[in-house]
Amino acid sequence: MSRRRSVMSEQFKAELAKDLGFYDTVQREGWGGIRTKDAGNMVKRAIQIAEQTAARPPQS
């Protein structure tokens, strides 16, 4: 089985996990230890952030 390259940086994933309240699980068990629901919420939040960033006018 091949490993897919992550689209999100480890730092960004850690920030999302902290914001969503399951970073302690990541520290104890790694990313494989989080619940499917938590992973889904993390993806939803990442999409929200990306949409907000894309909607901002460009900075000069």
# chains A, B, ... in the order shown; residues from 1 in each chain; ligands from 1
>>> residues_around(residues="Glu15 (chain A)", least_positions_apart="5", cutoff="12 Å", atoms="only C-alpha atoms", output="list in words")
Met8, Ser9, Glu10, Leu20, Gly21, Phe22, Tyr23, Asp24, Val26, Met42, Arg45 and Ala46 of chain A
>>> write_last_selection(atoms="N, CA and C atoms", output="mmCIF file, in the first residue's frame")
data_model
loop_
_atom_site.group_PDB
_atom_site.id
_atom_site.type_symbol
_atom_site.label_atom_id
_atom_site.label_comp_id
_atom_site.auth_asym_id
_atom_site.auth_seq_id
_atom_site.Cartn_x
_atom_site.Cartn_y
_atom_site.Cartn_z
ATOM 1 N N MET A 8 -2.048 18.918 3.832
ATOM 2 C CA MET A 8 -1.916 19.855 4.949
ATOM 3 C C MET A 8 -0.590 19.640 5.659
ATOM 4 N N SER A 9 0.029 20.725 6.076
ATOM 5 C CA SER A 9 1.273 20.601 6.829
ATOM 6 C C SER A 9 0.979 20.018 8.214
ATOM 7 N N GLU A 10 1.984 19.414 8.794
ATOM 8 C CA GLU A 10 1.838 18.866 10.139
ATOM 9 C C GLU A 10 1.474 19.968 11.136
ATOM 10 N N LEU A 20 -9.925 21.987 17.768
ATOM 11 C CA LEU A 20 -11.085 21.098 17.841
ATOM 12 C C LEU A 20 -11.081 20.201 19.078
ATOM 13 N N GLY A 21 -10.003 20.260 19.868
ATOM 14 C CA GLY A 21 -9.987 19.592 21.163
ATOM 15 C C GLY A 21 -9.542 18.143 21.195
ATOM 16 N N PHE A 22 -8.855 17.656 20.168
ATOM 17 C CA PHE A 22 -8.397 16.271 20.230
ATOM 18 C C PHE A 22 -6.890 16.129 20.029
ATOM 19 N N TYR A 23 -6.149 17.200 20.238
ATOM 20 C CA TYR A 23 -4.697 17.148 20.061
ATOM 21 C C TYR A 23 -4.044 16.206 21.070
ATOM 22 N N ASP A 24 -4.609 16.100 22.261
ATOM 23 C CA ASP A 24 -4.038 15.173 23.256
ATOM 24 C C ASP A 24 -4.056 13.734 22.747
ATOM 25 N N VAL A 26 -3.890 12.882 19.565
ATOM 26 C CA VAL A 26 -2.848 12.821 18.536
ATOM 27 C C VAL A 26 -1.483 12.624 19.191
ATOM 28 N N MET A 42 -12.047 18.021 11.170
ATOM 29 C CA MET A 42 -10.795 18.695 10.847
ATOM 30 C C MET A 42 -10.787 19.089 9.367
ATOM 31 N N ARG A 45 -13.191 22.036 8.802
ATOM 32 C CA ARG A 45 -12.601 23.295 9.288
ATOM 33 C C ARG A 45 -11.516 23.787 8.335
ATOM 34 N N ALA A 46 -10.706 22.881 7.811
ATOM 35 C CA ALA A 46 -9.665 23.261 6.853
ATOM 36 C C ALA A 46 -10.290 23.854 5.587
#
>>> atom_distance(atom1="CA of Lys44 (chain A)", atom2="CA of Phe12 (chain A)")
13.4 Å
>>> residues_around(residues="Asn41 (chain A)", least_positions_apart="5", cutoff="10 Å", atoms="only C-alpha atoms", output="ChimeraX atom specification")
/A:16-17,20,35-36,46-47
>>> write_last_selection(atoms="all heavy atoms", output="PDB file, in the first residue's frame")
ATOM      1  N   LEU A  16      -5.270  22.676  13.968  1.00  0.00           N
ATOM      2  CA  LEU A  16      -6.688  22.302  13.860  1.00  0.00           C
ATOM      3  C   LEU A  16      -7.084  21.340  14.980  1.00  0.00           C
ATOM      4  O   LEU A  16      -8.150  21.495  15.580  1.00  0.00           O
ATOM      5  CB  LEU A  16      -6.968  21.652  12.500  1.00  0.00           C
ATOM      6  CG  LEU A  16      -6.921  22.571  11.284  1.00  0.00           C
ATOM      7  CD1 LEU A  16      -7.032  21.749  10.006  1.00  0.00           C
ATOM      8  CD2 LEU A  16      -8.021  23.608  11.342  1.00  0.00           C
ATOM      9  N   ALA A  17      -6.241  20.364  15.252  1.00  0.00           N
ATOM     10  CA  ALA A  17      -6.535  19.396  16.318  1.00  0.00           C
ATOM     11  C   ALA A  17      -6.637  20.091  17.672  1.00  0.00           C
ATOM     12  O   ALA A  17      -7.519  19.764  18.476  1.00  0.00           O
ATOM     13  CB  ALA A  17      -5.465  18.309  16.350  1.00  0.00           C
ATOM     14  N   LEU A  20      -9.925  21.987  17.768  1.00  0.00           N
ATOM     15  CA  LEU A  20     -11.085  21.098  17.841  1.00  0.00           C
ATOM     16  C   LEU A  20     -11.081  20.201  19.078  1.00  0.00           C
ATOM     17  O   LEU A  20     -12.025  19.457  19.309  1.00  0.00           O
ATOM     18  CB  LEU A  20     -11.170  20.255  16.565  1.00  0.00           C
ATOM     19  CG  LEU A  20     -11.415  21.070  15.282  1.00  0.00           C
ATOM     20  CD1 LEU A  20     -11.243  20.196  14.052  1.00  0.00           C
ATOM     21  CD2 LEU A  20     -12.795  21.715  15.293  1.00  0.00           C
ATOM     22  N   ARG A  35     -10.764   9.769  16.103  1.00  0.00           N
ATOM     23  CA  ARG A  35     -12.032   9.215  15.611  1.00  0.00           C
ATOM     24  C   ARG A  35     -12.301   9.720  14.196  1.00  0.00           C
ATOM     25  O   ARG A  35     -11.845  10.797  13.802  1.00  0.00           O
ATOM     26  CB  ARG A  35     -13.188   9.645  16.512  1.00  0.00           C
ATOM     27  CG  ARG A  35     -13.060   9.164  17.935  1.00  0.00           C
ATOM     28  CD  ARG A  35     -14.192   9.634  18.803  1.00  0.00           C
ATOM     29  NE  ARG A  35     -14.323  11.101  18.707  1.00  0.00           N
ATOM     30  CZ  ARG A  35     -15.368  11.797  19.136  1.00  0.00           C
ATOM     31  NH1 ARG A  35     -16.375  11.183  19.705  1.00  0.00           N
ATOM     32  NH2 ARG A  35     -15.402  13.098  19.024  1.00  0.00           N
ATOM     33  N   THR A  36     -13.047   8.963  13.447  1.00  0.00           N
ATOM     34  CA  THR A  36     -13.430   9.351  12.090  1.00  0.00           C
ATOM     35  C   THR A  36     -14.163  10.686  12.110  1.00  0.00           C
ATOM     36  O   THR A  36     -13.931  11.547  11.251  1.00  0.00           O
ATOM     37  CB  THR A  36     -14.320   8.260  11.459  1.00  0.00           C
ATOM     38  OG1 THR A  36     -13.615   7.019  11.484  1.00  0.00           O
ATOM     39  CG2 THR A  36     -14.707   8.613  10.045  1.00  0.00           C
ATOM     40  N   ALA A  46     -10.706  22.881   7.811  1.00  0.00           N
ATOM     41  CA  ALA A  46      -9.665  23.261   6.853  1.00  0.00           C
ATOM     42  C   ALA A  46     -10.290  23.854   5.587  1.00  0.00           C
ATOM     43  O   ALA A  46      -9.788  24.847   5.047  1.00  0.00           O
ATOM     44  CB  ALA A  46      -8.798  22.056   6.503  1.00  0.00           C
ATOM     45  N   ILE A  47     -11.392  23.273   5.135  1.00  0.00           N
ATOM     46  CA  ILE A  47     -12.089  23.794   3.958  1.00  0.00           C
ATOM     47  C   ILE A  47     -12.653  25.182   4.247  1.00  0.00           C
ATOM     48  O   ILE A  47     -12.553  26.090   3.412  1.00  0.00           O
ATOM     49  CB  ILE A  47     -13.197  22.819   3.491  1.00  0.00           C
ATOM     50  CG1 ILE A  47     -12.553  21.549   2.921  1.00  0.00           C
ATOM     51  CG2 ILE A  47     -14.120  23.475   2.467  1.00  0.00           C
ATOM     52  CD1 ILE A  47     -13.517  20.409   2.682  1.00  0.00           C
TER      53      ILE A  47
END
>>> atom_distance(atom1="CA of Lys13 (chain A)", atom2="CA of Arg56 (chain A)")
22.1 Å
